[in-house]
$ cat start.tsv   # TSV, C-alpha atoms
chain	number	residue	atom	x	y	z
A	6	MET	CA	-17.97	32.26	23.27
A	7	LEU	CA	-16.07	33.22	20.15
A	8	SER	CA	-12.53	34.58	20.18
A	9	SER	CA	-11.73	37.85	18.45
A	10	LYS	CA	-10.12	35.81	15.66
A	11	GLU	CA	-13.31	33.78	15.23
A	12	ILE	CA	-15.49	36.89	15.31
A	13	ASN	CA	-13.48	38.32	12.45
A	14	HIS	CA	-13.70	35.05	10.48
A	15	TYR	CA	-17.47	34.65	10.91
A	16	GLN	CA	-18.53	38.32	10.79
A	17	ARG	CA	-20.84	37.80	7.77
A	18	HIS	CA	-22.72	35.16	9.76
A	19	LEU	CA	-22.83	37.30	12.88
A	20	SER	CA	-24.45	40.14	10.97
A	21	LEU	CA	-26.93	37.86	9.20
A	22	PRO	CA	-30.53	38.41	10.45
A	23	GLY	CA	-31.96	35.22	11.96
A	24	PHE	CA	-28.53	33.65	12.32
A	25	GLY	CA	-26.09	35.71	14.38
A	26	MET	CA	-24.06	34.64	17.40
A	27	GLU	CA	-26.50	31.95	18.59
A	28	CYS	CA	-26.33	29.91	15.38
A	29	GLN	CA	-22.59	30.42	15.04
A	30	LEU	CA	-22.07	28.98	18.52
A	31	ARG	CA	-24.21	25.98	17.57
A	32	LEU	CA	-21.91	25.38	14.62
A	33	LYS	CA	-18.87	25.67	16.87
A	34	LYS	CA	-20.28	23.09	19.29
A	35	SER	CA	-21.31	20.67	16.55
A	36	SER	CA	-19.49	17.64	15.15
A	37	VAL	CA	-19.87	16.15	11.67
A	38	LEU	CA	-18.38	12.98	10.17
A	39	VAL	CA	-17.96	13.11	6.38
A	40	ILE	CA	-17.58	9.68	4.82
A	41	GLY	CA	-15.88	9.99	1.46
A	42	ALA	CA	-13.54	12.80	0.40
A	43	GLY	CA	-14.40	12.63	-3.29
A	44	GLY	CA	-16.69	14.62	-5.57
A	45	LEU	CA	-19.38	15.20	-2.95
A	46	GLY	CA	-17.12	15.17	0.08
A	47	CYS	CA	-14.81	17.92	-1.17
A	48	PRO	CA	-17.41	20.75	-1.29
A	49	VAL	CA	-19.03	19.47	1.90
A	50	LEU	CA	-15.71	19.57	3.73
A	51	GLN	CA	-14.73	22.96	2.35
A	52	TYR	CA	-17.97	24.69	3.29
A	53	LEU	CA	-18.42	23.05	6.68
A	54	SER	CA	-14.86	23.99	7.54
A	55	ALA	CA	-15.29	27.54	6.31
A	56	VAL	CA	-18.52	28.15	8.23
A	57	GLY	CA	-17.07	26.89	11.51
A	58	VAL	CA	-18.35	23.41	12.33
A	59	GLY	CA	-16.32	22.74	15.48
A	60	LYS	CA	-15.21	19.16	14.82
A	61	ILE	CA	-15.08	17.49	11.41
A	62	GLY	CA	-14.08	13.89	10.79
A	63	ILE	CA	-13.01	12.62	7.37
A	64	VAL	CA	-13.19	8.94	6.43
A	65	ASP	CA	-11.56	7.80	3.18
A	66	ASP	CA	-8.98	5.14	2.32
A	67	ASP	CA	-8.18	6.36	-1.20
A	68	VAL	CA	-5.34	8.42	-2.71
A	69	VAL	CA	-5.67	11.35	-5.10
A	70	ASP	CA	-5.76	10.29	-8.76
A	71	LYS	CA	-5.49	12.48	-11.86
A	72	SER	CA	-9.01	11.44	-12.88
A	73	ASN	CA	-10.32	12.99	-9.65
A	74	LEU	CA	-9.21	16.51	-10.54
A	75	GLN	CA	-12.04	17.14	-13.02
A	76	ARG	CA	-14.49	17.45	-10.10
A	77	GLN	CA	-12.65	17.13	-6.75
A	78	ILE	CA	-11.35	20.68	-6.61
A	79	LEU	CA	-9.93	20.41	-3.10
A	80	PHE	CA	-7.00	18.61	-4.77
A	81	ASN	CA	-4.45	19.46	-7.50
A	82	TYR	CA	-1.68	17.75	-9.48
A	83	ASN	CA	0.79	18.14	-6.63
A	84	ASP	CA	-1.46	15.90	-4.51
A	85	VAL	CA	-1.63	12.96	-6.93
A	86	GLY	CA	-0.68	9.72	-5.17
A	87	VAL	CA	-1.12	11.18	-1.67
A	88	GLU	CA	-3.82	9.99	0.74
A	89	LYS	CA	-6.94	12.11	0.32
A	90	VAL	CA	-7.46	12.35	4.07
A	91	LYS	CA	-3.95	13.69	4.59
A	92	VAL	CA	-4.30	16.33	1.86
A	93	ALA	CA	-7.80	17.35	2.94
A	94	LYS	CA	-6.84	17.73	6.60
A	95	SER	CA	-3.89	19.98	5.75
A	96	LYS	CA	-5.85	22.22	3.40
A	97	LEU	CA	-8.91	22.51	5.63
A	98	GLU	CA	-6.82	23.42	8.65
A	99	ALA	CA	-5.27	26.18	6.55
A	100	LEU	CA	-8.75	27.31	5.50
A	101	ASN	CA	-9.96	27.59	9.10
A	102	PRO	CA	-7.49	27.09	11.98
A	103	ASN	CA	-10.29	27.63	14.51
A	104	ILE	CA	-11.77	24.14	14.11
A	105	GLU	CA	-10.66	20.54	14.71
A	106	ILE	CA	-10.12	18.22	11.74
A	107	ILE	CA	-9.71	14.48	12.39
A	108	GLY	CA	-8.65	12.21	9.54
A	109	TYR	CA	-9.32	8.47	9.30
A	110	CYS	CA	-7.55	6.79	6.40
A	111	ASP	CA	-9.92	3.85	6.58
A	112	ARG	CA	-12.77	2.30	4.66
A	113	PHE	CA	-16.07	2.51	6.54
A	114	THR	CA	-16.98	-1.07	7.52
A	115	PRO	CA	-19.30	-2.88	9.95
A	116	ASN	CA	-16.29	-3.50	12.19
A	117	ASN	CA	-15.27	0.13	12.62
A	118	ALA	CA	-18.64	1.86	12.18
A	119	GLN	CA	-19.38	2.37	15.87
A	120	ARG	CA	-15.86	3.60	16.59
A	121	LEU	CA	-15.91	6.09	13.73
A	122	LEU	CA	-19.41	7.40	14.51
A	123	ASN	CA	-18.69	7.81	18.20
A	124	GLY	CA	-18.31	11.48	19.08
A	125	PHE	CA	-20.09	12.84	16.01
A	126	ASP	CA	-23.66	14.16	15.88
A	127	ILE	CA	-24.25	14.17	12.11
A	128	VAL	CA	-23.00	11.99	9.26
A	129	VAL	CA	-22.64	13.18	5.67
A	130	ASP	CA	-22.59	10.47	3.01
A	131	GLY	CA	-20.14	11.41	0.26
A	132	THR	CA	-19.75	7.88	-1.13
A	133	ASP	CA	-20.47	6.72	-4.66
A	134	ASN	CA	-21.76	3.16	-4.35
A	135	PHE	CA	-24.82	1.34	-3.07
A	136	SER	CA	-23.02	-0.95	-0.62
A	137	SER	CA	-21.58	2.01	1.30
A	138	ARG	CA	-24.86	3.93	1.28
A	139	TYR	CA	-26.80	1.05	2.82
A	140	LEU	CA	-24.11	0.40	5.41
A	141	ILE	CA	-23.89	4.08	6.38
A	142	ASN	CA	-27.67	4.34	6.60
A	143	ASP	CA	-27.96	1.23	8.76
A	144	ALA	CA	-25.16	2.43	11.04
A	145	CYS	CA	-26.86	5.81	11.48
A	146	VAL	CA	-30.14	4.10	12.36
A	147	LEU	CA	-28.44	1.69	14.76
A	148	TYR	CA	-26.42	4.39	16.52
A	149	ASP	CA	-28.98	7.19	16.20
A	150	LYS	CA	-27.18	9.66	13.95
A	151	VAL	CA	-28.71	12.14	11.50
A	152	LEU	CA	-27.65	11.32	7.93
A	153	ILE	CA	-27.24	13.90	5.16
A	154	TYR	CA	-27.61	12.04	1.86
A	155	GLY	CA	-26.48	13.02	-1.61
A	156	SER	CA	-25.92	11.12	-4.83
A	157	ILE	CA	-25.04	11.97	-8.41
A	158	PHE	CA	-25.26	10.25	-11.77
A	159	GLN	CA	-24.14	11.83	-15.04
A	160	PHE	CA	-26.21	15.08	-15.09
A	161	GLU	CA	-28.56	14.46	-12.16
A	162	GLY	CA	-28.42	14.53	-8.39
A	163	GLN	CA	-30.46	13.80	-5.27
A	164	VAL	CA	-30.35	15.21	-1.73
A	165	SER	CA	-32.26	14.36	1.46
A	166	VAL	CA	-31.98	14.28	5.25
A	167	PHE	CA	-32.47	10.84	6.81
A	168	ASN	CA	-33.08	9.56	10.33
A	169	TYR	CA	-33.96	13.02	11.61
A	170	GLN	CA	-36.46	13.05	14.50
A	171	ASN	CA	-37.87	9.64	13.52
A	172	GLY	CA	-38.15	10.68	9.88
A	173	PRO	CA	-37.54	8.49	6.81
A	174	THR	CA	-34.27	6.63	6.27
A	175	TYR	CA	-32.43	5.71	3.08
A	176	ARG	CA	-34.22	2.35	3.08
A	177	CYS	CA	-37.55	4.19	2.91
A	178	LEU	CA	-36.33	5.54	-0.43
A	179	TYR	CA	-34.69	2.32	-1.65
A	180	PRO	CA	-35.79	-0.60	0.58
A	181	SER	CA	-33.15	-3.08	-0.58
A	182	PRO	CA	-29.89	-2.99	-2.54
A	183	PRO	CA	-30.16	-3.52	-6.29
A	184	SER	CA	-28.83	-6.65	-7.91
A	185	SER	CA	-25.38	-6.30	-9.46
A	186	ASP	CA	-27.13	-6.99	-12.77
A	187	ILE	CA	-28.67	-3.52	-12.78
A	188	LEU	CA	-25.51	-1.63	-11.85
A	189	PRO	CA	-23.71	0.14	-14.71
A	190	ASN	CA	-20.09	-0.73	-15.39
A	191	CYS	CA	-17.87	1.54	-13.27
A	192	SER	CA	-15.66	2.46	-16.21
A	193	GLU	CA	-18.72	3.65	-18.16
A	194	ILE	CA	-20.14	5.95	-15.52
A	195	GLY	CA	-19.61	9.62	-16.26
A	196	VAL	CA	-20.47	12.75	-14.33
A	197	LEU	CA	-20.49	16.43	-15.21
A	198	GLY	CA	-17.59	17.96	-13.27
A	199	VAL	CA	-19.57	20.78	-11.65
A	200	LEU	CA	-22.47	18.56	-10.51
A	201	PRO	CA	-20.78	17.16	-7.37
A	202	GLY	CA	-20.07	20.74	-6.33
A	203	ILE	CA	-23.74	21.63	-6.63
A	204	ILE	CA	-25.06	18.56	-4.81
A	205	GLY	CA	-22.28	18.68	-2.22
A	206	SER	CA	-23.14	22.32	-1.52
A	207	PHE	CA	-26.75	21.29	-1.00
A	208	GLN	CA	-25.56	18.66	1.48
A	209	ALA	CA	-23.48	21.24	3.33
A	210	LEU	CA	-26.48	23.56	3.45
A	211	GLU	CA	-28.74	20.82	4.86
A	212	THR	CA	-26.09	20.03	7.48
A	213	ILE	CA	-25.97	23.69	8.55
A	214	LYS	CA	-29.78	23.84	8.71
A	215	VAL	CA	-29.97	20.73	10.89
A	216	ILE	CA	-27.31	22.09	13.26
A	217	THR	CA	-28.66	25.62	13.57
A	218	GLY	CA	-32.39	25.00	13.16
A	219	VAL	CA	-32.56	27.73	10.52
A	220	GLY	CA	-35.05	27.12	7.72
A	221	ASP	CA	-36.76	23.85	6.77
A	222	ASN	CA	-34.52	20.86	6.15
A	223	LEU	CA	-35.17	18.04	3.69
A	224	SER	CA	-36.29	15.40	6.18
A	225	GLY	CA	-39.30	13.66	4.62
A	226	LYS	CA	-38.44	15.19	1.25
A	227	LEU	CA	-36.21	14.27	-1.66
A	228	LEU	CA	-34.66	16.99	-3.80
A	229	LEU	CA	-34.18	15.98	-7.46
A	230	TYR	CA	-31.88	18.17	-9.54
A	231	ASN	CA	-31.17	18.11	-13.29
A	232	ALA	CA	-28.11	20.07	-14.39
A	233	LEU	CA	-29.01	20.05	-18.10
A	234	ASN	CA	-32.19	22.08	-17.73
A	235	GLN	CA	-31.53	23.64	-14.29
A	236	LYS	CA	-34.76	22.15	-13.03
A	237	SER	CA	-35.26	20.88	-9.51
A	238	ARG	CA	-38.18	19.26	-7.81
A	239	ILE	CA	-38.94	18.17	-4.26
A	240	VAL	CA	-41.04	15.05	-3.76
A	241	LYS	CA	-42.50	13.85	-0.48
A	242	LEU	CA	-40.92	10.84	1.19
A	243	ASN	CA	-42.73	8.97	3.95
A	244	ARG	CA	-41.24	6.75	6.62
A	245	SER	CA	-41.97	3.10	5.91
A	246	ASP	CA	-43.37	0.93	8.68
A	247	ARG	CA	-42.63	-2.26	6.72
A	248	LEU	CA	-38.85	-2.19	7.12
A	249	PRO	CA	-37.27	-4.70	9.51
A	250	ASP	CA	-35.51	-3.39	12.60
A	251	ILE	CA	-31.77	-2.91	12.23
A	252	VAL	CA	-30.05	-4.72	15.10
A	253	SER	CA	-26.61	-5.33	13.57
A	254	LEU	CA	-24.44	-4.33	10.64
A	255	SER	CA	-23.23	-6.46	7.76
A	256	GLU	CA	-21.20	-5.87	4.63
A	257	ILE	CA	-23.33	-5.50	1.51
A	258	SER	CA	-21.56	-6.96	-1.49
A	259	GLN	CA	-21.56	-5.18	-4.80
A	260	THR	CA	-19.85	-5.77	-8.08
A	261	CYS	CA	-19.27	-3.09	-10.67
A	262	SER	CA	-19.53	-5.29	-13.72
A	263	LYS	CA	-22.86	-5.90	-15.35
A	264	SER	CA	-23.64	-9.56	-15.68
A	265	THR	CA	-24.65	-10.63	-19.17
A	266	ASP	CA	-25.58	-14.21	-18.34
A	267	ASN	CA	-29.27	-13.39	-18.09
A	268	MET	CA	-29.34	-10.54	-20.61
A	269	ASN	CA	-29.72	-12.66	-23.73
A	270	ASN	CA	-33.17	-14.16	-23.24
A	271	SER	CA	-34.76	-14.79	-26.65
A	272	ASN	CA	-38.18	-13.86	-25.27
A	273	VAL	CA	-37.08	-10.25	-24.64
A	274	ASN	CA	-36.89	-7.65	-27.40
A	275	GLU	CA	-35.53	-4.10	-27.29
A	276	LEU	CA	-37.75	-1.23	-28.43
A	277	THR	CA	-36.86	2.41	-28.96
A	278	PRO	CA	-39.33	4.91	-27.49
A	279	ASN	CA	-40.71	5.76	-30.95
A	280	GLU	CA	-41.17	2.08	-31.77
A	281	ALA	CA	-42.91	1.50	-28.45
A	282	SER	CA	-45.17	4.50	-28.97
A	283	SER	CA	-46.21	3.27	-32.42
A	284	ILE	CA	-46.95	-0.24	-31.14
A	285	MET	CA	-49.02	1.15	-28.27
A	286	LYS	CA	-51.09	3.26	-30.69
A	287	ASP	CA	-51.75	0.29	-32.98
A	288	ASN	CA	-52.53	-2.22	-30.21
A	289	GLU	CA	-54.60	-1.14	-27.23
A	290	ASN	CA	-54.03	-4.51	-25.58
A	291	ILE	CA	-50.32	-3.83	-25.03
A	292	ILE	CA	-49.46	-3.71	-21.32
A	293	LEU	CA	-46.99	-1.03	-20.18
A	294	LEU	CA	-45.23	-1.85	-16.89
A	295	ASP	CA	-43.26	0.68	-14.81
A	296	VAL	CA	-40.67	-0.95	-12.50
A	297	ARG	CA	-39.27	2.22	-10.89
A	298	GLU	CA	-39.71	3.28	-7.27
A	299	ASP	CA	-42.85	5.07	-6.02
A	300	TRP	CA	-41.18	8.48	-5.75
A	301	GLU	CA	-39.83	8.23	-9.32
A	302	ARG	CA	-43.32	7.54	-10.63
A	303	GLU	CA	-44.66	10.55	-8.74
A	304	ASN	CA	-42.13	12.70	-10.56
A	305	SER	CA	-43.07	11.53	-14.08
A	306	ARG	CA	-44.54	8.50	-15.80
A	307	ILE	CA	-45.81	7.17	-19.12
A	308	ASP	CA	-49.59	6.80	-19.11
A	309	PRO	CA	-51.40	4.50	-18.98
A	310	SER	CA	-49.09	2.07	-17.20
A	311	LEU	CA	-49.12	-0.46	-14.38
A	312	HIS	CA	-46.58	-0.19	-11.56
A	313	ILE	CA	-44.56	-2.87	-9.77
A	314	PRO	CA	-41.18	-1.66	-8.38
A	315	LEU	CA	-38.26	-3.87	-9.32
A	316	GLY	CA	-37.54	-4.47	-5.62
A	317	GLU	CA	-40.78	-6.46	-5.43
A	318	PHE	CA	-39.64	-8.79	-8.23
A	319	SER	CA	-37.39	-10.63	-5.80
A	320	SER	CA	-40.12	-12.11	-3.62
A	321	ASP	CA	-43.31	-13.86	-4.70
A	322	LEU	CA	-43.71	-11.84	-7.90
A	323	GLN	CA	-46.47	-14.07	-9.22
A	324	SER	CA	-48.84	-12.97	-6.44
A	325	LYS	CA	-48.18	-9.28	-7.22
A	326	LEU	CA	-49.11	-9.56	-10.90
A	327	PRO	CA	-52.71	-8.59	-11.80
A	328	SER	CA	-54.93	-11.65	-12.08
A	329	GLU	CA	-55.70	-10.86	-15.72
A	330	PHE	CA	-52.00	-11.13	-16.69
A	331	SER	CA	-51.35	-13.99	-19.12
A	332	VAL	CA	-48.02	-15.41	-20.24
A	333	GLU	CA	-49.18	-14.70	-23.78
A	334	ASP	CA	-49.63	-10.96	-23.13
A	335	HIS	CA	-47.42	-8.43	-24.91
A	336	ILE	CA	-45.71	-6.39	-22.17
A	337	ILE	CA	-43.46	-3.34	-22.55
A	338	VAL	CA	-41.37	-2.75	-19.43
A	339	TYR	CA	-39.72	0.57	-18.62
A	340	CYS	CA	-37.60	2.20	-15.94
A	341	LYS	CA	-35.43	5.32	-15.84
A	342	ALA	CA	-32.69	4.29	-18.28
A	343	GLY	CA	-33.56	0.79	-19.50
A	344	VAL	CA	-31.36	-1.29	-17.20
A	345	ARG	CA	-33.71	-2.22	-14.35
A	346	SER	CA	-36.46	-2.91	-16.87
A	347	ARG	CA	-34.23	-5.41	-18.66
A	348	VAL	CA	-33.75	-7.30	-15.40
A	349	ALA	CA	-37.52	-7.22	-14.87
A	350	CYS	CA	-38.05	-8.65	-18.36
A	351	ASP	CA	-35.69	-11.52	-17.62
A	352	THR	CA	-37.54	-12.26	-14.37
A	353	LEU	CA	-40.87	-12.30	-16.20
A	354	ALA	CA	-39.38	-14.55	-18.88
A	355	SER	CA	-38.33	-17.00	-16.18
A	356	LEU	CA	-42.00	-17.18	-15.14
A	357	GLY	CA	-43.03	-18.17	-18.67
A	358	PHE	CA	-43.99	-14.84	-20.22
A	359	LYS	CA	-43.29	-15.02	-23.95
A	360	ASN	CA	-43.79	-11.55	-25.44
A	361	LEU	CA	-41.63	-9.09	-23.55
A	362	TYR	CA	-40.21	-5.78	-24.69
A	363	ASN	CA	-37.66	-3.61	-22.92
A	364	LEU	CA	-37.89	0.16	-23.47
A	365	SER	CA	-34.33	1.10	-24.48
A	366	GLY	CA	-33.11	4.23	-22.74
A	367	GLY	CA	-36.12	4.18	-20.44
A	368	ILE	CA	-38.24	7.18	-19.60
A	369	MET	CA	-35.20	9.46	-20.02
A	370	GLN	CA	-34.95	8.59	-23.72
A	371	TRP	CA	-38.74	8.71	-24.04
A	372	GLU	CA	-38.67	12.32	-22.81
A	373	THR	CA	-35.64	13.17	-24.98
A	374	GLU	CA	-37.57	12.07	-28.08
A	375	GLY	CA	-40.41	14.43	-27.14
A	376	LEU	CA	-43.00	11.78	-26.31
A	377	PRO	CA	-45.75	12.65	-23.80
A	378	LEU	CA	-45.40	12.09	-20.04
A	379	GLY	CA	-48.05	11.88	-17.35
$ encode --input "start.tsv" --output "structure tokens"
Amino acid sequence: MLSSKEINHYQRHLSLPGFGMECQLRLKKSSVLVIGAGGLGCPVLQYLSAVGVGKIGIVDDDVVDKSNLQRQILFNYNDVGVEKVKVAKSKLEALNPNIEIIGYCDRFTPNNAQRLLNGFDIVVDGTDNFSSRYLINDACVLYDKVLIYGSIFQFEGQVSVFNYQNGPTYRCLYPSPPSSDILPNCSEIGVLGVLPGIIGSFQALETIKVITGVGDNLSGKLLLYNALNQKSRIVKLNRSDRLPDIVSLSEISQTCSKSTDNMNNSNVNELTPNEASSIMKDNENIILLDVREDWERENSRIDPSLHIPLGEFSSDLQSKLPSEFSVEDHIIVYCKAGVRSRVACDTLASLGFKNLYNLSGGIMQWETEGLPLG
């Protein structure tokens, strides 16, 4: 049961129709491990602590930096240089002394994954890189933990619930890690300060829904959010039966620098969206190739276009190309922002294709310039 102190703290929950004492006790009995105490982790930790999740673990090996303060509002200038886990634990315990906060000043690795996950029912991914996301996903699958996923990039964010009651996992969304060639340079990545707070709050909400059973959670669905136009969309996500079984964990390497060794192929030309649109109008034989994931294409696309996800370029690409494809064909390749499509162009060039065009800025720039979408 709840103490009188807890009843006073949670009174707005206790008087909430459809929530009440039963759901509050479920929160009290629950345990959540938050991996990453950064932009996403901060709002997740603050809200889960405030609402009364009984045991919260924090995993992060970083210290507070001045550049964090634009978006990680759990911290301030007095915390700069101090371990994030230490600062977070102190402030969250002050926010709600009725719960247990456990700090792990560690990086999440294959070697400590089982130890860190042990004793927690739900995992929240607050990391900011692909290698950690795949490792966390695989660990949750291997050790049967529900995973609350969130990611942000510049002005956009994504949220989903993975590995819930045999539902989809992160690898159903992105089957394999991207090549380092398609990763933007870390120093060039920007993010709107308020966006992590929005997406992190969504993650906290999904965690509460999974624990209490209130409402419909995002298992089997992917929430896409755009901060610039305040538009959101939910697309369906199915569990893939083609993924290999996860029987062990391994470190997934990732570099932040974008390799330029294969970005200078003379057979590949850059086109702006307006240039591409004009060429397509003047030449009906131009082939337009979309290399994004299935769920991205469901959200929006340029018509008419063929579709081969970039992940399929790594294995037996020749057999996946339509039989009528010729190395002499003129092909415009596009993705979301023009980076994955450039890698696809280089792969096609290595197979002998001679007339390749990369859509600069991708479908995002296409839409910005007011060109039609399907």
$ closest_residue --input "start.tsv" --among "A:Leu7, A:Val196, A:Phe158, A:Ser282" --to "Ser72 (chain A)" --atoms "only C-alpha atoms"
A:Val196
$ closest_residue --input "start.tsv" --among "A:Ile141, A:Leu122, A:Val273, A:Ile213" --to "Thr352 (chain A)" --atoms "all atoms listed in the file"
A:Val273
$ atom_distance --input "start.tsv" --atom1 "CA of Tyr230 (chain A)" --atom2 "CA of Phe160 (chain A)"
8.5 Å
$ atom_distance --input "start.tsv" --atom1 "CA of Leu38 (chain A)" --atom2 "CA of Asp246 (chain A)"
27.8 Å
$ residues_near_point --input "start.tsv" --point "(-18.4, 28.0, 17.8)" --cutoff "10 Å" --atoms "all atoms listed in the file" --output "PyMOL selection string"
chain A and resi 6-8+11-12+15+26-35+56-60+103-104
$ residues_near_point --input "start.tsv" --point "(-29.1, 4.9, 15.5)" --cutoff "12 Å" --atoms "only C-alpha atoms" --output "PyMOL selection string"
chain A and resi 118-119+122-123+126-128+141-152+167-171+174+250-254
$ residues_around --input "start.tsv" --residues "Gly375 (chain A)" --least-positions-apart "3" --cutoff "12 Å" --atoms "all atoms listed in the file" --output "PyMOL selection string"
chain A and resi 278-279+282+368-372+378
$ atom_distance --input "start.tsv" --atom1 "CA of Cys47 (chain A)" --atom2 "CA of Ser20 (chain A)"
27.1 Å
$ residues_around --input "start.tsv" --residues "Ser181 (chain A)" --least-positions-apart "5" --cutoff "9 Å" --atoms "all atoms listed in the file" --output "ChimeraX atom specification"
/A:139,176,316
$ residues_around --input "start.tsv" --residues "Arg306 (chain A)" --least-positions-apart "2" --cutoff "9 Å" --atoms "all atoms listed in the file" --output "PyMOL selection string"
chain A and resi 295+301-304+308-310+368+378-379
